[in-house]
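Peer 1: Shown below is the structure under consideration.
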Amino acid sequence: MLRRRHLRRLPWQDFRGFRVQRKYQESAKITSFELRTVDGVPLPQFRAGQFLTLELKIPGKAVTVLRTYSLSDFPSGDGVADHYRISVTREPAPEGLDVPPGVASNFLHDHVQEGTTLNLRPPRRAPSRSAVRLTVLNRSCW
Ligand SMILES: Cc1cc2nc3c(=O)[nH]c(=O)nc-3n(C[C@H](O)[C@H](O)[C@H](O)COP(=O)(O)OP(=O)(O)OC[C@H]3O[C@@H](n4cnc5c(N)ncnc54)[C@H](O)[C@@H]3O)c2cc1C
């Protein structure tokens with residue numbers, strides 16, 4: 001019930017197409033992506049700490065990859081946003097382990113370019129305090 005009410009409040013259901021307007025390096029490991037709607041409809045306001053879910057169709061992966069990324073800037077003066085920005089840390093394979101590097105972060109860094117369209121779920125609330133504590137503890141993950 002709560003979940004249904006929450007879903008009704010979302011600015012859009014499921015996924016919406018966004019075009020990568022700008023892609024730029026923040027540092028050796030971090031790249032930012034500015035994402036604008038393909039349909040041109042203005043974005044609803046969002047708050048610090050919210051995050052987006054990206055749906056990535058990665059060649060060679062049988063299933064769609066879903067990953068969440070925090071919004072890394074906020075709307076200018078009037079509070080109306082014309083883009084979202086995420087900042088993605090490239091995840092290498094852990095040292096000493098013979099496993100592939102991070103699937104989504106490396107795909108975003110290496111293959112998603114300005115002009116690429118990505119499907120996004122609307123910004124969601126920040127996780128609960130306990131989840132935030134866990135995220136901070138696990139910060140080395142991202
Ligand atoms: C609410 C929220 C907000 C977030 N915000 C951000 C953000 O703003 N920016 C950001 O960069 N990230 C953020 N993240 C993390 C992000 O969602 C991804 O988890 C991150 O990008 C790694 O995904 P990946 O697909 O690149 O790595 P994955 O493919 O999920 O791999 C993760 C790590 O596991 C290793 N690995 C792979 N296979 C194995 C194996 N068999 N055994 C052991 N290790 C293995 C990989 O080498 C890699 O180091 C956020 C997460 C949450 C939950």
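Labels used: A, B, ... for chains in the order of the structure tokens, numbers from 1 for residues in each chain, and numbers from 1 for ligands as shown.
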For chain A against ligand 1, with a cut-off of 6 Å and counting only C-alpha atoms and all ligand atoms, what is the closest atom pair and its distance in Å to one decimal for every residue that makes the cut, ordered by chain and number, as a Markdown table?

Peer 2:
```
| residue | atom | partner | partner_atom_place_in_ligand_line | distance |
| --- | --- | --- | --- | --- |
| A:Phe51 | CA | ligand 1 | 3 (C) | 5.9 |
| A:Arg67 | CA | ligand 1 | 17 (O) | 4.5 |
| A:Thr68 | CA | ligand 1 | 17 (O) | 4.1 |
| A:Tyr69 | CA | ligand 1 | 5 (N) | 3.6 |
| A:Ser70 | CA | ligand 1 | 8 (O) | 3.9 |
| A:Ser87 | CA | ligand 1 | 9 (N) | 5.3 |
| A:Val88 | CA | ligand 1 | 11 (O) | 3.5 |
| A:Thr89 | CA | ligand 1 | 11 (O) | 3.7 |
| A:Glu91 | CA | ligand 1 | 49 (O) | 4.9 |
| A:Pro92 | CA | ligand 1 | 49 (O) | 5.0 |
| A:Ala93 | CA | ligand 1 | 47 (O) | 3.2 |
| A:Pro94 | CA | ligand 1 | 49 (O) | 5.3 |
| A:Val99 | CA | ligand 1 | 38 (N) | 5.0 |
| A:Pro100 | CA | ligand 1 | 47 (O) | 5.0 |
| A:Pro101 | CA | ligand 1 | 47 (O) | 3.5 |
| A:Gly102 | CA | ligand 1 | 27 (O) | 3.1 |
| A:Val103 | CA | ligand 1 | 29 (O) | 3.9 |
| A:Ala104 | CA | ligand 1 | 25 (O) | 3.5 |
| A:Ser105 | CA | ligand 1 | 26 (O) | 3.6 |
| A:Asn106 | CA | ligand 1 | 26 (O) | 5.8 |
| A:Trp142 | CA | ligand 1 | 12 (N) | 4.7 |
```

Peer 1: DSSP on the backbone, then: every residue of region 21-126 of chain A marked strand (DSSP E), written as a tab-separated table (two decimals) with N, CA and C atoms, in the first residue's frame.

Peer 2:
```tsv
chain	number	residue	atom	x	y	z
A	21	GLN	N	24.34	14.53	-22.40
A	21	GLN	CA	24.62	15.84	-22.99
A	21	GLN	C	26.09	16.19	-22.87
A	22	ARG	N	26.64	15.88	-21.70
A	22	ARG	CA	28.07	16.14	-21.47
A	22	ARG	C	28.66	14.98	-20.70
A	23	LYS	N	29.87	14.63	-21.08
A	23	LYS	CA	30.61	13.61	-20.32
A	23	LYS	C	31.98	14.22	-20.06
A	24	TYR	N	32.40	14.27	-18.83
A	24	TYR	CA	33.71	14.85	-18.56
A	24	TYR	C	34.36	14.20	-17.35
A	25	GLN	N	35.69	14.21	-17.42
A	25	GLN	CA	36.47	13.58	-16.35
A	25	GLN	C	36.61	14.52	-15.18
A	30	ILE	N	37.15	9.22	-11.76
A	30	ILE	CA	35.74	9.64	-11.72
A	30	ILE	C	35.36	10.41	-12.98
A	31	THR	N	34.25	9.99	-13.58
A	31	THR	CA	33.71	10.68	-14.75
A	31	THR	C	32.27	11.10	-14.46
A	32	SER	N	31.95	12.34	-14.84
A	32	SER	CA	30.58	12.82	-14.66
A	32	SER	C	29.82	12.78	-15.98
A	33	PHE	N	28.53	12.55	-15.85
A	33	PHE	CA	27.63	12.49	-17.01
A	33	PHE	C	26.46	13.43	-16.74
A	34	GLU	N	26.23	14.37	-17.65
A	34	GLU	CA	25.03	15.21	-17.56
A	34	GLU	C	23.98	14.61	-18.48
A	35	LEU	N	22.80	14.41	-17.93
A	35	LEU	CA	21.77	13.66	-18.64
A	35	LEU	C	20.54	14.54	-18.83
A	36	ARG	N	20.11	14.68	-20.08
A	36	ARG	CA	18.91	15.49	-20.39
A	36	ARG	C	17.84	14.61	-21.00
A	37	THR	N	16.58	14.98	-20.73
A	37	THR	CA	15.48	14.15	-21.24
A	37	THR	C	15.47	14.16	-22.76
A	51	PHE	N	18.96	9.32	-5.61
A	51	PHE	CA	19.77	8.59	-6.59
A	51	PHE	C	18.90	8.11	-7.73
A	52	LEU	N	19.55	7.87	-8.87
A	52	LEU	CA	18.88	7.38	-10.07
A	52	LEU	C	19.23	5.91	-10.27
A	53	THR	N	18.33	5.20	-10.92
A	53	THR	CA	18.66	3.83	-11.33
A	53	THR	C	18.81	3.82	-12.85
A	54	LEU	N	19.95	3.33	-13.31
A	54	LEU	CA	20.23	3.25	-14.74
A	54	LEU	C	20.01	1.82	-15.21
A	55	GLU	N	19.43	1.73	-16.39
A	55	GLU	CA	19.27	0.42	-17.03
A	55	GLU	C	20.29	0.36	-18.16
A	56	LEU	N	21.21	-0.58	-18.06
A	56	LEU	CA	22.28	-0.64	-19.07
A	56	LEU	C	22.21	-1.94	-19.86
A	65	VAL	N	21.64	-4.75	-17.03
A	65	VAL	CA	22.35	-4.42	-15.78
A	65	VAL	C	21.71	-3.17	-15.17
A	66	LEU	N	21.32	-3.26	-13.91
A	66	LEU	CA	20.75	-2.11	-13.20
A	66	LEU	C	21.74	-1.64	-12.14
A	67	ARG	N	22.03	-0.34	-12.14
A	67	ARG	CA	22.91	0.22	-11.10
A	67	ARG	C	22.37	1.58	-10.67
A	68	THR	N	22.61	1.91	-9.42
A	68	THR	CA	22.15	3.18	-8.88
A	68	THR	C	23.32	4.16	-8.74
A	69	TYR	N	23.06	5.43	-9.06
A	69	TYR	CA	24.07	6.48	-8.92
A	69	TYR	C	23.45	7.73	-8.31
A	70	SER	N	24.14	8.30	-7.34
A	70	SER	CA	23.63	9.49	-6.65
A	70	SER	C	23.68	10.71	-7.58
A	84	TYR	N	20.09	16.07	-15.07
A	84	TYR	CA	20.64	15.39	-13.90
A	84	TYR	C	22.13	15.18	-14.15
A	85	ARG	N	22.89	15.09	-13.06
A	85	ARG	CA	24.30	14.73	-13.23
A	85	ARG	C	24.63	13.59	-12.27
A	86	ILE	N	25.36	12.62	-12.78
A	86	ILE	CA	25.89	11.57	-11.92
A	86	ILE	C	27.41	11.54	-12.10
A	87	SER	N	28.09	11.08	-11.08
A	87	SER	CA	29.55	10.99	-11.13
A	87	SER	C	29.94	9.57	-10.76
A	88	VAL	N	30.59	8.93	-11.69
A	88	VAL	CA	30.80	7.48	-11.58
A	88	VAL	C	32.28	7.17	-11.38
A	89	THR	N	32.56	6.39	-10.35
A	89	THR	CA	33.93	5.95	-10.09
A	89	THR	C	34.18	4.65	-10.83
A	117	THR	N	21.90	7.41	-25.51
A	117	THR	CA	20.66	7.46	-24.72
A	117	THR	C	20.69	6.37	-23.66
A	118	LEU	N	20.34	6.78	-22.44
A	118	LEU	CA	20.28	5.83	-21.31
A	118	LEU	C	18.87	5.85	-20.74
A	119	ASN	N	18.42	4.72	-20.24
A	119	ASN	CA	17.11	4.65	-19.60
A	119	ASN	C	17.26	4.79	-18.09
A	120	LEU	N	16.45	5.69	-17.52
A	120	LEU	CA	16.58	6.00	-16.09
A	120	LEU	C	15.25	5.85	-15.37
A	121	ARG	N	15.30	5.32	-14.17
A	121	ARG	CA	14.16	5.42	-13.25
A	121	ARG	C	14.26	6.76	-12.55
A	122	PRO	N	13.14	7.32	-12.09
A	122	PRO	CA	13.18	8.65	-11.45
A	122	PRO	C	14.00	8.64	-10.16
A	123	PRO	N	14.44	9.83	-9.73
A	123	PRO	CA	15.21	9.91	-8.49
A	123	PRO	C	14.41	9.30	-7.34
A	124	ARG	N	15.11	8.54	-6.54
A	124	ARG	CA	14.48	7.94	-5.36
A	124	ARG	C	15.06	8.59	-4.13
```

Peer 1: Within 12 Å of His83 (chain A), counting only C-alpha atoms, which residues qualify if same-chain residues fewer than 4 places away don't, as a list in words?

Peer 2: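 The residues that qualify are Phe18, Arg19, Val20, Gln21, Arg22, Phe33, Glu34, Leu35, Arg36, Thr37, Val38, Gly40, Val41, Pro42, Leu43, Pro44, Gln45, Phe46, Leu71, Ser72, Asp73, Phe74, Pro75, Ser76 and Gly79 of chain A.
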